[in-house]
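Dumped start_31.txt below, it's compact mmCIF, C-alpha atoms and all ligand atoms:
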```
# COMPACT_ATOMS: atom_id res chain seq x y z
CA MET L 1 97.41 86.24 93.94
CA THR L 2 97.90 86.79 90.27
CA HIS L 3 94.40 88.07 89.65
CA ALA L 4 93.11 89.53 92.90
CA ILE L 5 94.26 93.03 93.83
CA PRO L 6 95.32 93.03 97.52
CA LYS L 7 92.92 95.30 99.43
CA LEU L 8 95.66 97.21 101.22
CA GLY L 9 98.56 98.48 99.14
CA LEU L 10 101.34 101.00 99.51
CA GLY L 11 101.30 104.30 97.61
CA THR L 12 104.79 105.35 96.49
CA TYR L 13 104.25 108.90 95.26
CA GLY L 14 107.13 111.05 96.55
CA ARG L 15 109.05 108.05 97.94
CA THR L 16 112.04 108.54 95.63
CA GLY L 17 115.71 107.66 96.06
CA ASP L 18 117.20 105.31 98.65
CA ALA L 19 114.85 106.59 101.35
CA GLY L 20 111.97 105.51 99.12
CA THR L 21 113.40 102.02 98.68
CA ALA L 22 113.91 101.77 102.46
CA ALA L 23 110.27 102.75 103.12
CA MET L 24 109.06 100.15 100.62
CA LEU L 25 111.25 97.45 102.17
CA ALA L 26 109.95 98.35 105.63
CA ALA L 27 106.39 98.08 104.30
CA ILE L 28 107.03 94.66 102.73
CA GLU L 29 108.57 93.50 106.01
CA ILE L 30 105.38 94.59 107.83
CA GLY L 31 103.25 92.62 105.37
CA TYR L 32 102.26 94.96 102.52
CA ARG L 33 101.99 92.93 99.31
CA HIS L 34 100.86 95.58 96.81
CA LEU L 35 102.97 98.52 95.58
CA ASP L 36 101.53 101.37 93.51
CA THR L 37 103.89 103.33 91.25
CA ALA L 38 103.61 105.34 88.02
CA GLN L 39 105.81 106.52 85.18
CA SER L 40 105.49 110.05 86.55
CA TYR L 41 106.48 109.27 90.18
CA ASP L 42 110.14 108.42 89.62
CA THR L 43 109.66 105.42 91.93
CA GLU L 44 109.47 102.54 89.45
CA ARG L 45 113.14 101.69 89.98
CA GLN L 46 112.71 101.73 93.78
CA VAL L 47 109.68 99.42 93.59
CA GLY L 48 111.64 96.85 91.60
CA GLU L 49 114.65 97.13 93.88
CA ALA L 50 112.55 96.76 97.04
CA VAL L 51 110.81 93.66 95.71
CA ARG L 52 114.10 92.06 94.62
CA ARG L 53 115.78 92.86 97.94
CA SER L 54 112.80 91.55 99.93
CA GLY L 55 113.50 88.03 98.68
CA LEU L 56 109.79 87.46 98.01
CA ALA L 57 108.84 85.38 95.01
CA ARG L 58 107.51 87.56 92.21
CA ASN L 59 104.00 86.12 92.52
CA GLU L 60 103.83 87.04 96.21
CA ILE L 61 103.64 90.77 95.52
CA PHE L 62 101.33 92.83 93.34
CA VAL L 63 102.85 95.71 91.34
CA THR L 64 100.89 98.46 89.59
CA THR L 65 102.24 101.14 87.29
CA LYS L 66 100.53 103.82 85.19
CA VAL L 67 101.08 105.21 81.71
CA ALA L 68 101.53 108.99 81.96
CA ASP L 69 98.97 111.17 80.20
CA THR L 70 101.80 112.68 78.12
CA ARG L 71 102.63 109.24 76.64
CA LEU L 72 99.21 108.00 75.55
CA ASP L 73 99.61 108.71 71.84
CA THR L 74 100.26 105.74 69.61
CA ALA L 75 103.86 106.77 68.88
CA GLN L 76 104.87 106.66 72.56
CA PHE L 77 102.46 104.33 74.36
CA MET L 78 104.00 100.90 73.93
CA ASP L 79 107.61 102.11 74.14
CA SER L 80 106.81 103.80 77.43
CA VAL L 81 105.33 100.55 78.80
CA GLU L 82 108.41 98.60 77.75
CA ARG L 83 110.60 101.25 79.39
CA SER L 84 108.58 100.95 82.61
CA LEU L 85 109.05 97.18 82.62
CA ASP L 86 112.81 97.66 82.09
CA THR L 87 113.00 100.21 84.91
CA ILE L 88 111.02 98.08 87.37
CA GLY L 89 112.93 94.99 86.29
CA LEU L 90 110.47 92.37 87.52
CA GLY L 91 109.03 91.15 84.24
CA PRO L 92 105.35 91.87 83.51
CA VAL L 93 103.51 94.06 86.00
CA ASP L 94 100.30 92.89 87.65
CA LEU L 95 98.27 95.95 86.75
CA LEU L 96 98.78 98.69 84.15
CA LEU L 97 96.62 101.82 84.39
CA ILE L 98 95.90 104.82 82.21
CA HIS L 99 96.91 107.51 84.74
CA TRP L 100 94.59 110.27 83.46
CA PRO L 101 92.21 110.39 80.50
CA VAL L 102 93.25 112.93 77.87
CA LYS L 103 91.29 116.14 78.05
CA ASP L 104 89.34 117.20 74.95
CA GLU L 105 90.37 113.99 73.13
CA VAL L 106 93.64 115.55 71.96
CA VAL L 107 94.64 111.89 71.75
CA PRO L 108 91.58 109.85 70.66
CA PHE L 109 90.14 107.81 73.56
CA GLU L 110 89.91 104.67 71.42
CA ASP L 111 93.62 104.87 70.52
CA TYR L 112 94.98 104.67 74.05
CA MET L 113 92.33 102.28 75.37
CA LEU L 114 92.99 99.83 72.53
CA ALA L 115 96.75 100.23 73.16
CA LEU L 116 96.16 99.36 76.82
CA ALA L 117 94.32 96.17 75.83
CA ASP L 118 97.14 95.44 73.38
CA ALA L 119 99.73 95.80 76.17
CA GLN L 120 97.83 93.12 78.09
CA ARG L 121 97.61 90.86 75.02
CA ARG L 122 101.37 91.20 74.54
CA GLY L 123 101.93 90.00 78.11
CA PHE L 124 103.31 93.27 79.52
CA THR L 125 100.71 93.18 82.30
CA ARG L 126 98.34 90.64 83.80
CA LEU L 127 95.50 93.12 84.44
CA ILE L 128 94.56 96.50 82.99
CA GLY L 129 92.71 99.41 84.51
CA VAL L 130 92.16 103.14 84.55
CA SER L 131 92.56 106.07 86.89
CA ASN L 132 90.68 109.34 87.26
CA PHE L 133 87.89 108.08 84.99
CA PRO L 134 84.36 109.46 85.50
CA ILE L 135 81.27 107.32 84.83
CA ALA L 136 80.93 108.45 81.20
CA LEU L 137 84.42 107.19 80.36
CA LEU L 138 83.86 103.94 82.26
CA GLN L 139 80.80 103.38 80.10
CA ARG L 140 82.79 104.07 76.93
CA THR L 141 85.47 101.67 78.18
CA ALA L 142 82.93 98.90 78.71
CA ALA L 143 81.45 99.51 75.25
CA LEU L 144 84.90 99.41 73.62
CA LEU L 145 86.67 96.62 75.53
CA GLY L 146 83.83 94.63 77.08
CA PRO L 147 82.13 94.78 80.49
CA ASP L 148 84.85 92.97 82.45
CA ALA L 149 87.97 94.23 80.70
CA ILE L 150 89.27 96.50 83.45
CA ALA L 151 90.16 95.46 86.99
CA THR L 152 89.82 98.83 88.75
CA ASN L 153 89.39 102.58 88.47
CA GLN L 154 91.85 104.36 90.78
CA VAL L 155 90.37 107.63 92.05
CA GLU L 156 90.56 110.06 94.95
CA ILE L 157 88.41 108.72 97.78
CA HIS L 158 88.73 109.30 101.53
CA PRO L 159 86.28 110.00 104.35
CA PHE L 160 85.96 113.65 103.27
CA LEU L 161 85.35 112.77 99.56
CA GLN L 162 83.26 109.62 99.27
CA ALA L 163 82.37 110.00 95.56
CA ARG L 164 78.88 108.58 95.99
CA ARG L 165 77.72 108.71 92.35
CA LEU L 166 80.86 107.03 91.07
CA VAL L 167 80.74 104.45 93.86
CA ALA L 168 77.09 103.63 93.07
CA HIS L 169 77.94 103.17 89.39
CA ALA L 170 81.01 101.04 90.12
CA ARG L 171 78.99 98.81 92.46
CA SER L 172 76.25 98.43 89.86
CA VAL L 173 78.72 97.06 87.31
CA GLY L 174 80.91 95.14 89.79
CA LEU L 175 84.00 97.30 89.27
CA PRO L 176 86.33 97.65 92.29
CA LEU L 177 87.56 101.18 92.98
CA THR L 178 91.03 101.88 94.32
CA ALA L 179 91.04 104.83 96.73
CA TYR L 180 94.04 107.09 96.26
CA GLN L 181 95.01 109.62 98.91
CA PRO L 182 92.88 107.51 101.26
CA LEU L 183 94.27 109.46 104.24
CA ALA L 184 93.53 112.82 102.56
CA LYS L 185 97.32 113.27 102.65
CA GLY L 186 97.40 112.73 106.41
CA GLU L 187 94.48 115.06 107.22
CA VAL L 188 92.31 112.21 108.53
CA ALA L 189 94.72 111.92 111.49
CA GLY L 190 93.30 115.12 113.00
CA ASP L 191 89.61 114.31 112.61
CA PRO L 192 87.76 114.13 115.96
CA VAL L 193 85.12 111.59 114.83
CA LEU L 194 87.76 109.21 113.43
CA ASN L 195 89.85 109.67 116.59
CA ARG L 196 86.90 108.88 118.86
CA ILE L 197 86.19 105.65 116.92
CA ALA L 198 89.91 104.85 116.83
CA GLY L 199 90.13 105.17 120.60
CA ARG L 200 87.43 102.54 121.07
CA HIS L 201 89.17 100.15 118.67
CA GLY L 202 92.66 100.77 120.04
CA VAL L 203 94.05 101.96 116.69
CA THR L 204 94.81 105.29 114.95
CA ALA L 205 92.37 107.53 113.07
CA SER L 206 94.24 106.65 109.86
CA ALA L 207 93.63 102.92 110.41
CA VAL L 208 89.94 103.65 110.97
CA ALA L 209 89.77 105.67 107.72
CA LEU L 210 91.38 102.78 105.81
CA ALA L 211 89.16 100.17 107.49
CA PHE L 212 86.11 102.25 106.57
CA LEU L 213 87.14 102.48 102.89
CA MET L 214 87.83 98.74 102.71
CA ALA L 215 84.47 98.01 104.36
CA GLU L 216 82.90 100.14 101.62
CA GLY L 217 84.47 97.71 99.14
CA HIS L 218 87.45 99.81 98.04
CA ILE L 219 91.11 98.92 97.66
CA VAL L 220 93.33 101.44 99.51
CA ILE L 221 96.90 102.59 98.81
CA PRO L 222 98.08 104.84 101.67
CA ALA L 223 101.68 106.13 101.57
CA SER L 224 104.13 106.67 104.39
CA SER L 225 107.86 106.78 104.96
CA SER L 226 107.53 106.25 108.69
CA GLU L 227 107.76 102.69 109.95
CA ALA L 228 105.43 103.54 112.84
CA ASN L 229 102.79 104.94 110.46
CA LEU L 230 103.21 102.04 108.01
CA ARG L 231 102.59 99.65 110.90
CA ALA L 232 99.66 101.66 112.29
CA ASN L 233 98.03 101.82 108.84
CA PHE L 234 98.47 98.08 108.28
CA ARG L 235 96.40 97.45 111.41
CA ALA L 236 93.37 98.61 109.39
CA LEU L 237 93.09 95.01 108.19
CA ASP L 238 92.13 93.93 111.75
CA VAL L 239 89.55 96.66 112.44
CA ARG L 240 85.86 95.68 112.33
CA LEU L 241 83.66 98.78 112.32
CA ASP L 242 80.05 98.48 113.48
CA ASP L 243 77.01 100.06 111.80
CA ALA L 244 77.16 103.13 114.03
CA ASP L 245 80.86 103.66 113.21
CA MET L 246 80.13 103.32 109.48
CA ALA L 247 77.23 105.80 109.67
CA ALA L 248 79.33 108.33 111.60
CA ILE L 249 82.15 108.13 109.03
CA ARG L 250 79.75 108.30 106.06
CA ALA L 251 78.56 111.62 107.54
CA LEU L 252 82.10 113.06 107.21
CA ASP L 253 81.73 113.31 103.42
CA ARG L 254 81.98 116.96 102.41
CA GLY L 255 83.02 116.68 98.77
CA TYR L 256 86.56 117.76 99.66
CA ARG L 257 88.57 117.08 96.51
CA ARG L 258 92.31 117.61 96.91
CA ILE L 259 93.53 116.59 93.44
CA ASP L 260 91.87 118.64 90.72
CA PRO L 261 94.38 119.78 88.08
CA ALA L 262 93.36 121.59 84.90
CA LYS L 263 93.56 118.30 82.96
CA SER L 264 90.83 116.74 85.15
CA PRO L 265 87.73 115.33 83.45
CA ALA L 266 84.27 116.52 84.58
CA TRP L 267 83.91 114.71 87.92
CA ASP L 268 80.66 112.98 88.83
CA ASP L 269 80.30 114.11 92.43
N1 LIG F 301 96.14 107.94 90.30
C1 LIG F 301 96.41 109.17 90.70
O1 LIG F 301 96.20 110.15 89.98
C2 LIG F 301 96.97 109.37 92.08
C3 LIG F 301 96.98 110.65 92.65
C4 LIG F 301 97.49 110.78 93.95
C5 LIG F 301 97.99 109.67 94.63
N2 LIG F 301 97.98 108.45 94.03
C6 LIG F 301 98.51 107.25 94.73
O2 LIG F 301 97.93 107.19 96.01
C7 LIG F 301 98.96 107.07 96.99
C8 LIG F 301 98.52 107.68 98.29
O3 LIG F 301 98.32 109.08 98.15
P1 LIG F 301 99.27 110.14 98.85
O4 LIG F 301 100.56 109.50 99.11
O5 LIG F 301 99.28 111.36 98.02
O6 LIG F 301 98.45 110.50 100.20
P2 LIG F 301 97.93 109.66 101.46
O7 LIG F 301 98.33 108.23 101.39
O8 LIG F 301 96.49 109.99 101.66
O9 LIG F 301 98.71 110.37 102.65
C9 LIG F 301 100.10 110.29 102.78
C10 LIG F 301 100.52 111.28 103.86
O10 LIG F 301 99.93 110.91 105.09
C11 LIG F 301 100.94 110.78 106.09
N3 LIG F 301 100.58 109.62 106.91
C12 LIG F 301 100.60 108.31 106.55
N4 LIG F 301 100.20 107.52 107.55
C13 LIG F 301 99.90 108.34 108.58
C14 LIG F 301 99.46 108.12 109.91
N5 LIG F 301 99.22 106.89 110.35
N6 LIG F 301 99.28 109.19 110.72
C15 LIG F 301 99.54 110.45 110.27
N7 LIG F 301 99.98 110.73 109.03
C16 LIG F 301 100.15 109.68 108.19
C17 LIG F 301 102.23 110.56 105.35
O11 LIG F 301 103.32 111.10 106.06
P3 LIG F 301 104.50 110.14 106.65
O12 LIG F 301 105.34 109.71 105.50
O13 LIG F 301 105.18 111.05 107.61
O14 LIG F 301 103.82 108.99 107.36
C18 LIG F 301 102.00 111.36 104.06
O15 LIG F 301 102.36 112.70 104.23
C19 LIG F 301 100.16 107.79 96.32
O16 LIG F 301 101.36 107.49 96.98
C20 LIG F 301 100.03 107.27 94.92
O17 LIG F 301 100.58 105.96 94.84
C21 LIG F 301 97.46 108.28 92.78
```
Could I get this file's structure written as structure tokens?
Ligand SMILES: NC(=O)c1ccc[n+]([C@@H]2O[C@H](COP(=O)([O-])OP(=O)(O)OC[C@H]3O[C@@H](n4cnc5c(N)ncnc54)[C@H](OP(=O)(O)O)[C@@H]3O)[C@@H](O)[C@H]2O)c1
Amino acid sequence: MTHAIPKLGLGTYGRTGDAGTAAMLAAIEIGYRHLDTAQSYDTERQVGEAVRRSGLARNEIFVTTKVADTRLDTAQFMDSVERSLDTIGLGPVDLLLIHWPVKDEVVPFEDYMLALADAQRRGFTRLIGVSNFPIALLQRTAALLGPDAIATNQVEIHPFLQARRLVAHARSVGLPLTAYQPLAKGEVAGDPVLNRIAGRHGVTASAVALAFLMAEGHIVIPASSSEANLRANFRALDVRLDDADMAAIRALDRGYRRIDPAKSPAWDD
């Protein structure tokens, strides 16, 4: 699995400390084979510990981390990557992302994107990618590093924010998107349309939301500390939605963006 990103991963934001490690181990036991961390989450150590304790071979699990937007300048970039690798303790990661682009080019775009490619060349990561990039920055990335340089753009996508312009662009260039907050932080669980479809399929509304996003071609990284929810979410891999289900869920899009800090780029949707 060294080059494919598993379609269903585990988000680890907020899953700190021993409870975080326990949740990750429970997820691995259930079958999750993709863990998403970041320098800013304080979960890199837990990810490494969970993988080591699971007994899985390193190439059986996919690990992503992200360079924080405060460490993208040339003086800090590569040291921060080496520190991440030390903290995780599993050797090279599978995927290294730029967590957020730098607003107003306070750090020049070319500097940190070339540093990212350099991190890959040095063997710190098998794949490289970006996060929170709008179309304009994806186009600049392709111009700078080549059309196939990045493996994904990780962005907020869930049934209530389907990011249609970005999705259309990504499809047109063959770039997989990774949907973060795919459960809209748990809000999908209360949606009546998703619950009606879930009832027919014998799963939860969250599993339907994840199945929908994967059917749209996205990778998903839901988070949970509850074994029951981890298990329920993993069932998304078995759900086959029909055309009517897909149309009903597409109609839930209402441009509801949950993550929109001041450092955000100009979004496309
Ligand atoms: N690149 C970025 O800038 C960025 C930004 C945000 C997030 N992310 C990544 O995306 C991951 C996922 O996002 P997220 O963790 O913020 O939100 P999320 O996965 O959309 O939702 C997680 C929340 O949903 C609840 N939940 C999970 N399964 C459920 C179920 N079956 N039924 C009801 N509630 C359920 C969880 O509570 P319980 O623990 O009680 O189950 C938790 O509160 C993060 O962990 C992180 O790795 C990346």
Please report as a tab-separated table every residue of chain L lying within 9 Å of ligand LIG 301 (chain F), along with the nearest atom pair and their distance in Å (one decimal), using all atoms listed in the file.
```
residue	atom	partner	partner_atom	distance
L:Gly9	CA	F:LIG301	O17	8.9
L:Leu10	CA	F:LIG301	O17	6.9
L:Gly11	CA	F:LIG301	O16	3.3
L:Thr12	CA	F:LIG301	O16	4.1
L:Tyr13	CA	F:LIG301	O16	3.6
L:Gly14	CA	F:LIG301	O16	6.8
L:Arg15	CA	F:LIG301	O16	7.8
L:Ala23	CA	F:LIG301	O12	8.9
L:Leu35	CA	F:LIG301	O17	7.8
L:Asp36	CA	F:LIG301	O17	4.9
L:Thr37	CA	F:LIG301	O17	5.5
L:Ala38	CA	F:LIG301	O17	7.5
L:Tyr41	CA	F:LIG301	O17	8.2
L:Lys66	CA	F:LIG301	N1	7.9
L:Leu97	CA	F:LIG301	N1	8.5
L:Ile98	CA	F:LIG301	N1	8.7
L:His99	CA	F:LIG301	N1	5.6
L:Trp100	CA	F:LIG301	O1	6.7
L:Val130	CA	F:LIG301	N1	8.5
L:Ser131	CA	F:LIG301	N1	5.3
L:Asn132	CA	F:LIG301	O1	6.2
L:Asn153	CA	F:LIG301	N1	8.8
L:Gln154	CA	F:LIG301	N1	5.6
L:Val155	CA	F:LIG301	N1	6.0
L:Glu156	CA	F:LIG301	C3	6.8
L:His158	CA	F:LIG301	O8	7.8
L:Thr178	CA	F:LIG301	O2	8.9
L:Ala179	CA	F:LIG301	O2	7.3
L:Tyr180	CA	F:LIG301	O2	3.9
L:Gln181	CA	F:LIG301	O8	3.1
L:Pro182	CA	F:LIG301	O8	4.4
L:Leu183	CA	F:LIG301	O8	3.4
L:Ala184	CA	F:LIG301	O8	4.2
L:Lys185	CA	F:LIG301	O9	3.2
L:Gly186	CA	F:LIG301	O10	3.4
L:Glu187	CA	F:LIG301	O10	7.2
L:Val188	CA	F:LIG301	C15	7.6
L:Ala189	CA	F:LIG301	C15	5.2
L:Gly190	CA	F:LIG301	C15	8.3
L:Thr204	CA	F:LIG301	N5	6.6
L:Ala205	CA	F:LIG301	N5	7.4
L:Ser206	CA	F:LIG301	N5	5.0
L:Ala207	CA	F:LIG301	N5	6.9
L:Val220	CA	F:LIG301	O2	8.2
L:Ile221	CA	F:LIG301	C7	5.3
L:Pro222	CA	F:LIG301	O7	3.4
L:Ala223	CA	F:LIG301	O7	4.0
L:Ser224	CA	F:LIG301	O12	3.5
L:Ser225	CA	F:LIG301	O12	3.9
L:Ser226	CA	F:LIG301	O14	4.8
L:Glu227	CA	F:LIG301	O14	7.9
L:Ala228	CA	F:LIG301	N5	7.5
L:Asn229	CA	F:LIG301	N5	4.1
L:Leu230	CA	F:LIG301	N4	6.3
L:Arg231	CA	F:LIG301	N5	8.0
L:Ala232	CA	F:LIG301	N5	5.6
L:Asn233	CA	F:LIG301	N5	5.4
L:Ile259	CA	F:LIG301	C3	6.9
```
task: Could you please determine the separation between CA of Gly255 in chain L and CA of Asp269 in chain L in Å, to one decimal place?
output: 7.4 Å
Near-Leu127 in chain L list (9 Å; all atoms listed in the file; drop same-chain fewer than 6 positions) as a ChimeraX atom specification: /L:2-3,93-97,120,149-151
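Computed from the coordinates, the CA of Ala247 in chain L to CA of Arg171 in chain L distance equals 18.7 Å.
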- prompt: Given the choices L:Glu49, L:Asp253, L:Asp260, L:Asp242, which gets closest to Ala22 in chain L if the distance is worked out from only C-alpha atoms?
  reply: L:Glu49
- prompt: Quick one: of L:Lys7, L:Ile135, L:Leu161, L:Arg140, who's nearest to Trp267 in chain L, counting all atoms listed in the file?
  reply: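 The closest residue to Trp267 in chain L is L:Ile135.
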For Pro192 in chain L, the nearest of the candidates L:Met246, L:Ala50, L:Leu241, L:Leu252, counting only C-alpha atoms: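 With only C-alpha atoms as the atom set, the closest residue is L:Leu252.
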message: As an exercise, work out the distance from CA of Ala262 in chain L to CA of Ala136 in chain L in Å and give it to one decimal place.
response: 18.5 Å
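Comparing L:Ala163, L:Leu90, L:Val107, L:Met24 by their smallest distance to Ala57 in chain L, the closest is L:Leu90 (using only C-alpha atoms).
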task: Extract, using only C-alpha atoms, all DNA, RNA and protein residues at most 12 Å from Asp104 in chain L, discarding same-chain residues fewer than 6 positions from it, and format them as number ranges by chain.
output: L: 262-266
Written file, previous selection with C-alpha atoms, as an mmCIF file, in the frame of the given file:
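Wrote it out as result24.cif, contents follow:
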```cif
data_model
loop_
_atom_site.group_PDB
_atom_site.id
_atom_site.type_symbol
_atom_site.label_atom_id
_atom_site.label_comp_id
_atom_site.auth_asym_id
_atom_site.auth_seq_id
_atom_site.Cartn_x
_atom_site.Cartn_y
_atom_site.Cartn_z
ATOM 1 C CA ALA L 262 93.360 121.590 84.900
ATOM 2 C CA LYS L 263 93.560 118.300 82.960
ATOM 3 C CA SER L 264 90.830 116.740 85.150
ATOM 4 C CA PRO L 265 87.730 115.330 83.450
ATOM 5 C CA ALA L 266 84.270 116.520 84.580
#
```
- request: Dig up all the protein and nucleic acid residues within 12 Å of (102.1, 94.0, 73.0) in the file frame, using all atoms listed in the file, and format them as number ranges by chain.
  value: L: 77-82, 92, 114-126
task: Can you work out which one of L:Glu44, L:Asp69, L:Asp18, L:Glu105 has the shortest atom-to-atom distance to Gly89 in chain L, counting only C-alpha atoms?
output: L:Glu44
message: List as a PyMOL selection string the protein and nucleic acid residues near Val239 in chain L, meaning an atom at most 8 Å away when all atoms listed in the file are counted, but skip any in the same chain fewer than 6 places from it.
response: chain L and resi 201+207-208+211
